[in-house]
Amino acid sequence: MSDDSSDDSLGGSDDEGAPTSQNLLASFYGIEKTPVKDDDDDAEPAEPLDRTDFEAKTYVEELLRRQPLDRLLERDAALRRETRTLGSDLQALVYENYSKFIAATETIQEMNSNVGAMEAGVACLDATLCDVDALAKQVNGSLADKRSQIDTLVRSRRLLKRLEFLFELPKKLEVAVSEGRHEDAVSMYEAADAVLSSHGHVASLRDIHDDARRIVTSLKGDLQVFDDTLAASGHLAARVRLLTKVGDAEDASKARAAAADCADRYLCGVLDDALRNDDASLSLERRVTMLSDKFCGPRDAIVGQLDGVVELPSGPTAKFVDQVQKMVSNSTDYGD
């Protein structure tokens, strides 16, 4: 067997790409490996030295048995060169990563100190929670006998607040009505009416109920007055809803009819004002446009108020259409 075959049996060619110690170090630290060329292409490769089953004695005996002296000397020189190269590479890696090692050490020390402070804080918190738990148990134990008494007192206080509201109801209703807060007055009466009705056998509560009904009846009479200011201010629908709450079905029906009549009067008045201010010297198109602007805006506002509450009267709209037709028929431009 030739020397070449002996070399192949002891190792592989450098072209096979088997990992070496230098390659492993370089890949671990993220740097590129600087290739080292052997002077002799037939020199024994270093791959057998990196094998997990490598045995130095067997390897040396095999070299001594198969290789001549000159090849052994060359192999020795190659191993020395590789050793120096690995040593210098390792030293360079240590120098390059020294600052990283120091920073990592400082970070670890800081983390240890922080963990120590956190442990002390957690221990203090645990002790505080234990004290709070003990205090809570002590409070619960001391209040256990009085809990039923506290519940009774709370219920009594609620009952007293309700009685206070009932006893002050007539006065509060009068103040709300005098200040024009009709919706507040109706809401207070609705909240108390059922309770007062169910306790009519109690003289004091019966008297309160009678006073409240007297005030609300007077209020109902005031609410049944529908004037044009309600339509102009947008309160027609609210007035109908209030009368529906404080009155019966007949009162609600009358309120809807009164709201419709009020809307009719208001829109007819708006249209009459617009006609009085009509300027016959203007063109027909201009006159119709001005009349539409003055009438349609208030009409749309009334429709928005009464939608779903009262059916809008058709009289003002029919009157508006009739007036527009008269303008067209009387215009001198009509025949052009």
# chains A, B, ... in the order shown; residues from 1 in each chain; ligands from 1
>>> select_by_dssp(residues="segment 116-323 of chain A", states="alpha helix (DSSP H)", output="PyMOL selection string")
chain A and resi 116-143+147-167+169-178+182-198+203-223+228-233+236-246+249-276+284-306+315-323
>>> residues_around(residues="segment 287-291 of chain A", least_positions_apart="6", cutoff="8 Å", atoms="only C-alpha atoms", output="PyMOL selection string")
chain A and resi 271+274-275+278-280+324+327
>>> write_last_selection(atoms="N, CA and C atoms", output="PDB file, in the first residue's frame")
ATOM      1  N   LEU A 271     -97.216  81.577   7.533  1.00  0.00           N
ATOM      2  CA  LEU A 271     -97.518  81.789   6.119  1.00  0.00           C
ATOM      3  C   LEU A 271     -98.133  83.176   5.889  1.00  0.00           C
ATOM      4  N   ALA A 274     -95.453  85.780   5.928  1.00  0.00           N
ATOM      5  CA  ALA A 274     -94.664  85.738   4.699  1.00  0.00           C
ATOM      6  C   ALA A 274     -95.416  86.395   3.544  1.00  0.00           C
ATOM      7  N   LEU A 275     -96.748  86.187   3.488  1.00  0.00           N
ATOM      8  CA  LEU A 275     -97.539  86.791   2.412  1.00  0.00           C
ATOM      9  C   LEU A 275     -97.629  88.306   2.573  1.00  0.00           C
ATOM     10  N   ASP A 278     -94.684  89.903   1.085  1.00  0.00           N
ATOM     11  CA  ASP A 278     -94.424  89.566  -0.312  1.00  0.00           C
ATOM     12  C   ASP A 278     -94.286  90.839  -1.140  1.00  0.00           C
ATOM     13  N   ASP A 279     -93.271  90.861  -1.988  1.00  0.00           N
ATOM     14  CA  ASP A 279     -93.004  92.028  -2.849  1.00  0.00           C
ATOM     15  C   ASP A 279     -93.382  91.654  -4.282  1.00  0.00           C
ATOM     16  N   ALA A 280     -94.498  92.238  -4.758  1.00  0.00           N
ATOM     17  CA  ALA A 280     -94.993  91.892  -6.096  1.00  0.00           C
ATOM     18  C   ALA A 280     -94.075  92.379  -7.203  1.00  0.00           C
ATOM     19  N   VAL A 324     -99.149  79.673  -3.759  1.00  0.00           N
ATOM     20  CA  VAL A 324     -98.157  79.601  -4.841  1.00  0.00           C
ATOM     21  C   VAL A 324     -98.870  79.568  -6.189  1.00  0.00           C
ATOM     22  N   MET A 327     -99.982  83.019  -7.065  1.00  0.00           N
ATOM     23  CA  MET A 327     -98.868  83.839  -7.534  1.00  0.00           C
ATOM     24  C   MET A 327     -98.595  83.569  -9.008  1.00  0.00           C
TER      25      MET A 327
END
>>> residues_around(residues="segment 59-61 of chain A", least_positions_apart="5", cutoff="10 Å", atoms="only C-alpha atoms", output="PyMOL selection string")
chain A and resi 10+48-49+54+66+72
>>> write_last_selection(atoms="all heavy atoms", output="PDB file, in the first residue's frame")
ATOM      1  N   LEU A  10      -5.505   7.305   7.504  1.00  0.00           N
ATOM      2  CA  LEU A  10      -5.350   7.965   8.794  1.00  0.00           C
ATOM      3  C   LEU A  10      -6.179   9.220   8.897  1.00  0.00           C
ATOM      4  O   LEU A  10      -6.458   9.698   9.968  1.00  0.00           O
ATOM      5  CB  LEU A  10      -3.874   8.315   9.039  1.00  0.00           C
ATOM      6  CG  LEU A  10      -2.954   7.113   9.218  1.00  0.00           C
ATOM      7  CD1 LEU A  10      -1.528   7.572   9.286  1.00  0.00           C
ATOM      8  CD2 LEU A  10      -3.326   6.301  10.430  1.00  0.00           C
ATOM      9  N   PRO A  48      -8.434  13.615  11.950  1.00  0.00           N
ATOM     10  CA  PRO A  48      -8.481  12.526  12.928  1.00  0.00           C
ATOM     11  C   PRO A  48      -8.306  13.011  14.351  1.00  0.00           C
ATOM     12  O   PRO A  48      -8.816  12.386  15.288  1.00  0.00           O
ATOM     13  CB  PRO A  48      -7.334  11.612  12.496  1.00  0.00           C
ATOM     14  CG  PRO A  48      -7.177  11.880  11.048  1.00  0.00           C
ATOM     15  CD  PRO A  48      -7.448  13.331  10.879  1.00  0.00           C
ATOM     16  N   LEU A  49      -7.627  14.099  14.550  1.00  0.00           N
ATOM     17  CA  LEU A  49      -7.430  14.623  15.902  1.00  0.00           C
ATOM     18  C   LEU A  49      -8.732  15.136  16.508  1.00  0.00           C
ATOM     19  O   LEU A  49      -8.838  15.239  17.734  1.00  0.00           O
ATOM     20  CB  LEU A  49      -6.396  15.756  15.873  1.00  0.00           C
ATOM     21  CG  LEU A  49      -5.005  15.393  15.344  1.00  0.00           C
ATOM     22  CD1 LEU A  49      -4.128  16.626  15.295  1.00  0.00           C
ATOM     23  CD2 LEU A  49      -4.365  14.338  16.230  1.00  0.00           C
ATOM     24  N   PHE A  54     -10.808   9.443  18.968  1.00  0.00           N
ATOM     25  CA  PHE A  54      -9.374   9.564  18.682  1.00  0.00           C
ATOM     26  C   PHE A  54      -8.559   9.027  19.870  1.00  0.00           C
ATOM     27  O   PHE A  54      -8.842   9.333  21.029  1.00  0.00           O
ATOM     28  CB  PHE A  54      -9.012  11.029  18.408  1.00  0.00           C
ATOM     29  CG  PHE A  54      -7.535  11.260  18.260  1.00  0.00           C
ATOM     30  CD1 PHE A  54      -6.881  10.894  17.090  1.00  0.00           C
ATOM     31  CD2 PHE A  54      -6.814  11.829  19.297  1.00  0.00           C
ATOM     32  CE1 PHE A  54      -5.526  11.111  16.970  1.00  0.00           C
ATOM     33  CE2 PHE A  54      -5.460  12.043  19.165  1.00  0.00           C
ATOM     34  CZ  PHE A  54      -4.811  11.691  17.996  1.00  0.00           C
ATOM     35  N   ARG A  66       3.819   3.467   9.235  1.00  0.00           N
ATOM     36  CA  ARG A  66       3.530   3.626   7.823  1.00  0.00           C
ATOM     37  C   ARG A  66       4.327   4.752   7.155  1.00  0.00           C
ATOM     38  O   ARG A  66       4.510   4.723   5.939  1.00  0.00           O
ATOM     39  CB  ARG A  66       2.037   3.914   7.630  1.00  0.00           C
ATOM     40  CG  ARG A  66       1.152   2.726   8.033  1.00  0.00           C
ATOM     41  CD  ARG A  66      -0.310   3.072   7.788  1.00  0.00           C
ATOM     42  NE  ARG A  66      -1.189   1.945   8.073  1.00  0.00           N
ATOM     43  CZ  ARG A  66      -1.474   0.971   7.227  1.00  0.00           C
ATOM     44  NH1 ARG A  66      -0.945   0.987   6.022  1.00  0.00           N
ATOM     45  NH2 ARG A  66      -2.275  -0.024   7.584  1.00  0.00           N
ATOM     46  N   LEU A  72       7.251  12.164   8.673  1.00  0.00           N
ATOM     47  CA  LEU A  72       6.988  12.377  10.097  1.00  0.00           C
ATOM     48  C   LEU A  72       7.442  13.755  10.532  1.00  0.00           C
ATOM     49  O   LEU A  72       6.757  14.441  11.321  1.00  0.00           O
ATOM     50  CB  LEU A  72       7.694  11.305  10.925  1.00  0.00           C
ATOM     51  CG  LEU A  72       7.134   9.879  10.812  1.00  0.00           C
ATOM     52  CD1 LEU A  72       7.999   8.896  11.585  1.00  0.00           C
ATOM     53  CD2 LEU A  72       5.698   9.824  11.301  1.00  0.00           C
TER      54      LEU A  72
END
>>> residues_around(residues="Ala263 of chain A", least_positions_apart="3", cutoff="10 Å", atoms="only C-alpha atoms", output="ChimeraX atom specification")
/A:226-228,230-232,236,257-260,266-269,298-299,302-303,306,310,312-313,316
>>> write_last_selection(atoms="N, CA and C atoms", output="PDB file, in the first residue's frame")
ATOM      1  N   PHE A 226    -102.329  75.532  25.167  1.00  0.00           N
ATOM      2  CA  PHE A 226    -101.384  75.424  24.054  1.00  0.00           C
ATOM      3  C   PHE A 226    -101.376  76.755  23.291  1.00  0.00           C
ATOM      4  N   ASP A 227    -100.271  77.469  23.353  1.00  0.00           N
ATOM      5  CA  ASP A 227    -100.164  78.708  22.585  1.00  0.00           C
ATOM      6  C   ASP A 227     -99.050  78.568  21.543  1.00  0.00           C
ATOM      7  N   ASP A 228     -98.934  79.575  20.709  1.00  0.00           N
ATOM      8  CA  ASP A 228     -97.975  79.491  19.599  1.00  0.00           C
ATOM      9  C   ASP A 228     -96.519  79.441  20.073  1.00  0.00           C
ATOM     10  N   LEU A 230     -95.288  77.552  22.266  1.00  0.00           N
ATOM     11  CA  LEU A 230     -94.881  76.142  22.396  1.00  0.00           C
ATOM     12  C   LEU A 230     -94.372  75.597  21.069  1.00  0.00           C
ATOM     13  N   ALA A 231     -95.088  75.926  20.007  1.00  0.00           N
ATOM     14  CA  ALA A 231     -94.669  75.444  18.689  1.00  0.00           C
ATOM     15  C   ALA A 231     -93.364  76.099  18.264  1.00  0.00           C
ATOM     16  N   ALA A 232     -93.227  77.391  18.526  1.00  0.00           N
ATOM     17  CA  ALA A 232     -92.008  78.092  18.128  1.00  0.00           C
ATOM     18  C   ALA A 232     -90.793  77.621  18.910  1.00  0.00           C
ATOM     19  N   LEU A 236     -93.938  71.292  21.906  1.00  0.00           N
ATOM     20  CA  LEU A 236     -95.268  70.714  21.725  1.00  0.00           C
ATOM     21  C   LEU A 236     -95.312  69.243  22.135  1.00  0.00           C
ATOM     22  N   ALA A 257    -105.038  66.579  20.266  1.00  0.00           N
ATOM     23  CA  ALA A 257    -105.851  67.464  19.404  1.00  0.00           C
ATOM     24  C   ALA A 257    -105.441  68.917  19.588  1.00  0.00           C
ATOM     25  N   ALA A 258    -105.184  69.324  20.830  1.00  0.00           N
ATOM     26  CA  ALA A 258    -104.776  70.705  21.080  1.00  0.00           C
ATOM     27  C   ALA A 258    -103.420  70.992  20.449  1.00  0.00           C
ATOM     28  N   ALA A 259    -102.502  70.016  20.479  1.00  0.00           N
ATOM     29  CA  ALA A 259    -101.194  70.198  19.856  1.00  0.00           C
ATOM     30  C   ALA A 259    -101.323  70.349  18.344  1.00  0.00           C
ATOM     31  N   ALA A 260    -102.225  69.566  17.730  1.00  0.00           N
ATOM     32  CA  ALA A 260    -102.435  69.683  16.285  1.00  0.00           C
ATOM     33  C   ALA A 260    -103.005  71.052  15.931  1.00  0.00           C
ATOM     34  N   TYR A 266     -99.988  78.041  14.284  1.00  0.00           N
ATOM     35  CA  TYR A 266     -98.618  78.576  14.177  1.00  0.00           C
ATOM     36  C   TYR A 266     -98.162  78.630  12.726  1.00  0.00           C
ATOM     37  N   LEU A 267     -98.369  77.553  11.960  1.00  0.00           N
ATOM     38  CA  LEU A 267     -97.921  77.516  10.570  1.00  0.00           C
ATOM     39  C   LEU A 267     -98.746  78.476   9.701  1.00  0.00           C
ATOM     40  N   CYS A 268    -100.034  78.596   9.991  1.00  0.00           N
ATOM     41  CA  CYS A 268    -100.841  79.558   9.228  1.00  0.00           C
ATOM     42  C   CYS A 268    -100.378  80.984   9.508  1.00  0.00           C
ATOM     43  N   GLY A 269    -100.000  81.255  10.762  1.00  0.00           N
ATOM     44  CA  GLY A 269     -99.481  82.578  11.090  1.00  0.00           C
ATOM     45  C   GLY A 269     -98.163  82.851  10.392  1.00  0.00           C
ATOM     46  N   PRO A 298     -90.049  76.387   9.263  1.00  0.00           N
ATOM     47  CA  PRO A 298     -90.893  76.117  10.439  1.00  0.00           C
ATOM     48  C   PRO A 298     -91.722  74.848  10.300  1.00  0.00           C
ATOM     49  N   ARG A 299     -92.216  74.587   9.077  1.00  0.00           N
ATOM     50  CA  ARG A 299     -93.017  73.369   8.900  1.00  0.00           C
ATOM     51  C   ARG A 299     -92.172  72.124   9.183  1.00  0.00           C
ATOM     52  N   ILE A 302     -91.796  71.647  12.919  1.00  0.00           N
ATOM     53  CA  ILE A 302     -93.003  71.096  13.534  1.00  0.00           C
ATOM     54  C   ILE A 302     -93.122  69.603  13.248  1.00  0.00           C
ATOM     55  N   VAL A 303     -92.792  69.207  12.033  1.00  0.00           N
ATOM     56  CA  VAL A 303     -92.835  67.776  11.681  1.00  0.00           C
ATOM     57  C   VAL A 303     -91.865  66.993  12.564  1.00  0.00           C
ATOM     58  N   LEU A 306     -93.461  66.661  16.205  1.00  0.00           N
ATOM     59  CA  LEU A 306     -94.676  65.872  16.375  1.00  0.00           C
ATOM     60  C   LEU A 306     -94.615  64.497  15.729  1.00  0.00           C
ATOM     61  N   VAL A 310     -98.146  63.283  17.265  1.00  0.00           N
ATOM     62  CA  VAL A 310     -99.379  63.870  16.752  1.00  0.00           C
ATOM     63  C   VAL A 310     -99.301  63.898  15.229  1.00  0.00           C
ATOM     64  N   LEU A 312     -99.564  65.535  11.810  1.00  0.00           N
ATOM     65  CA  LEU A 312     -99.410  66.919  11.395  1.00  0.00           C
ATOM     66  C   LEU A 312    -100.623  67.359  10.572  1.00  0.00           C
ATOM     67  N   PRO A 313    -101.207  68.523  10.880  1.00  0.00           N
ATOM     68  CA  PRO A 313    -102.368  69.006  10.096  1.00  0.00           C
ATOM     69  C   PRO A 313    -101.957  69.355   8.675  1.00  0.00           C
ATOM     70  N   PRO A 316    -102.195  73.992   6.679  1.00  0.00           N
ATOM     71  CA  PRO A 316    -101.193  74.984   6.300  1.00  0.00           C
ATOM     72  C   PRO A 316    -100.486  74.649   4.991  1.00  0.00           C
TER      73      PRO A 316
END
>>> atom_distance(atom1="atom CA of Phe295 of chain A", atom2="atom CA of Val270 of chain A")
6.4 Å
>>> closest_residue(among="A:Val175, A:Val321, A:Met188, A:Val240", to="Gly308 of chain A", atoms="only C-alpha atoms")
A:Val240
>>> atom_distance(atom1="atom CA of Lys220 of chain A", atom2="atom CA of Gly247 of chain A")
7.5 Å
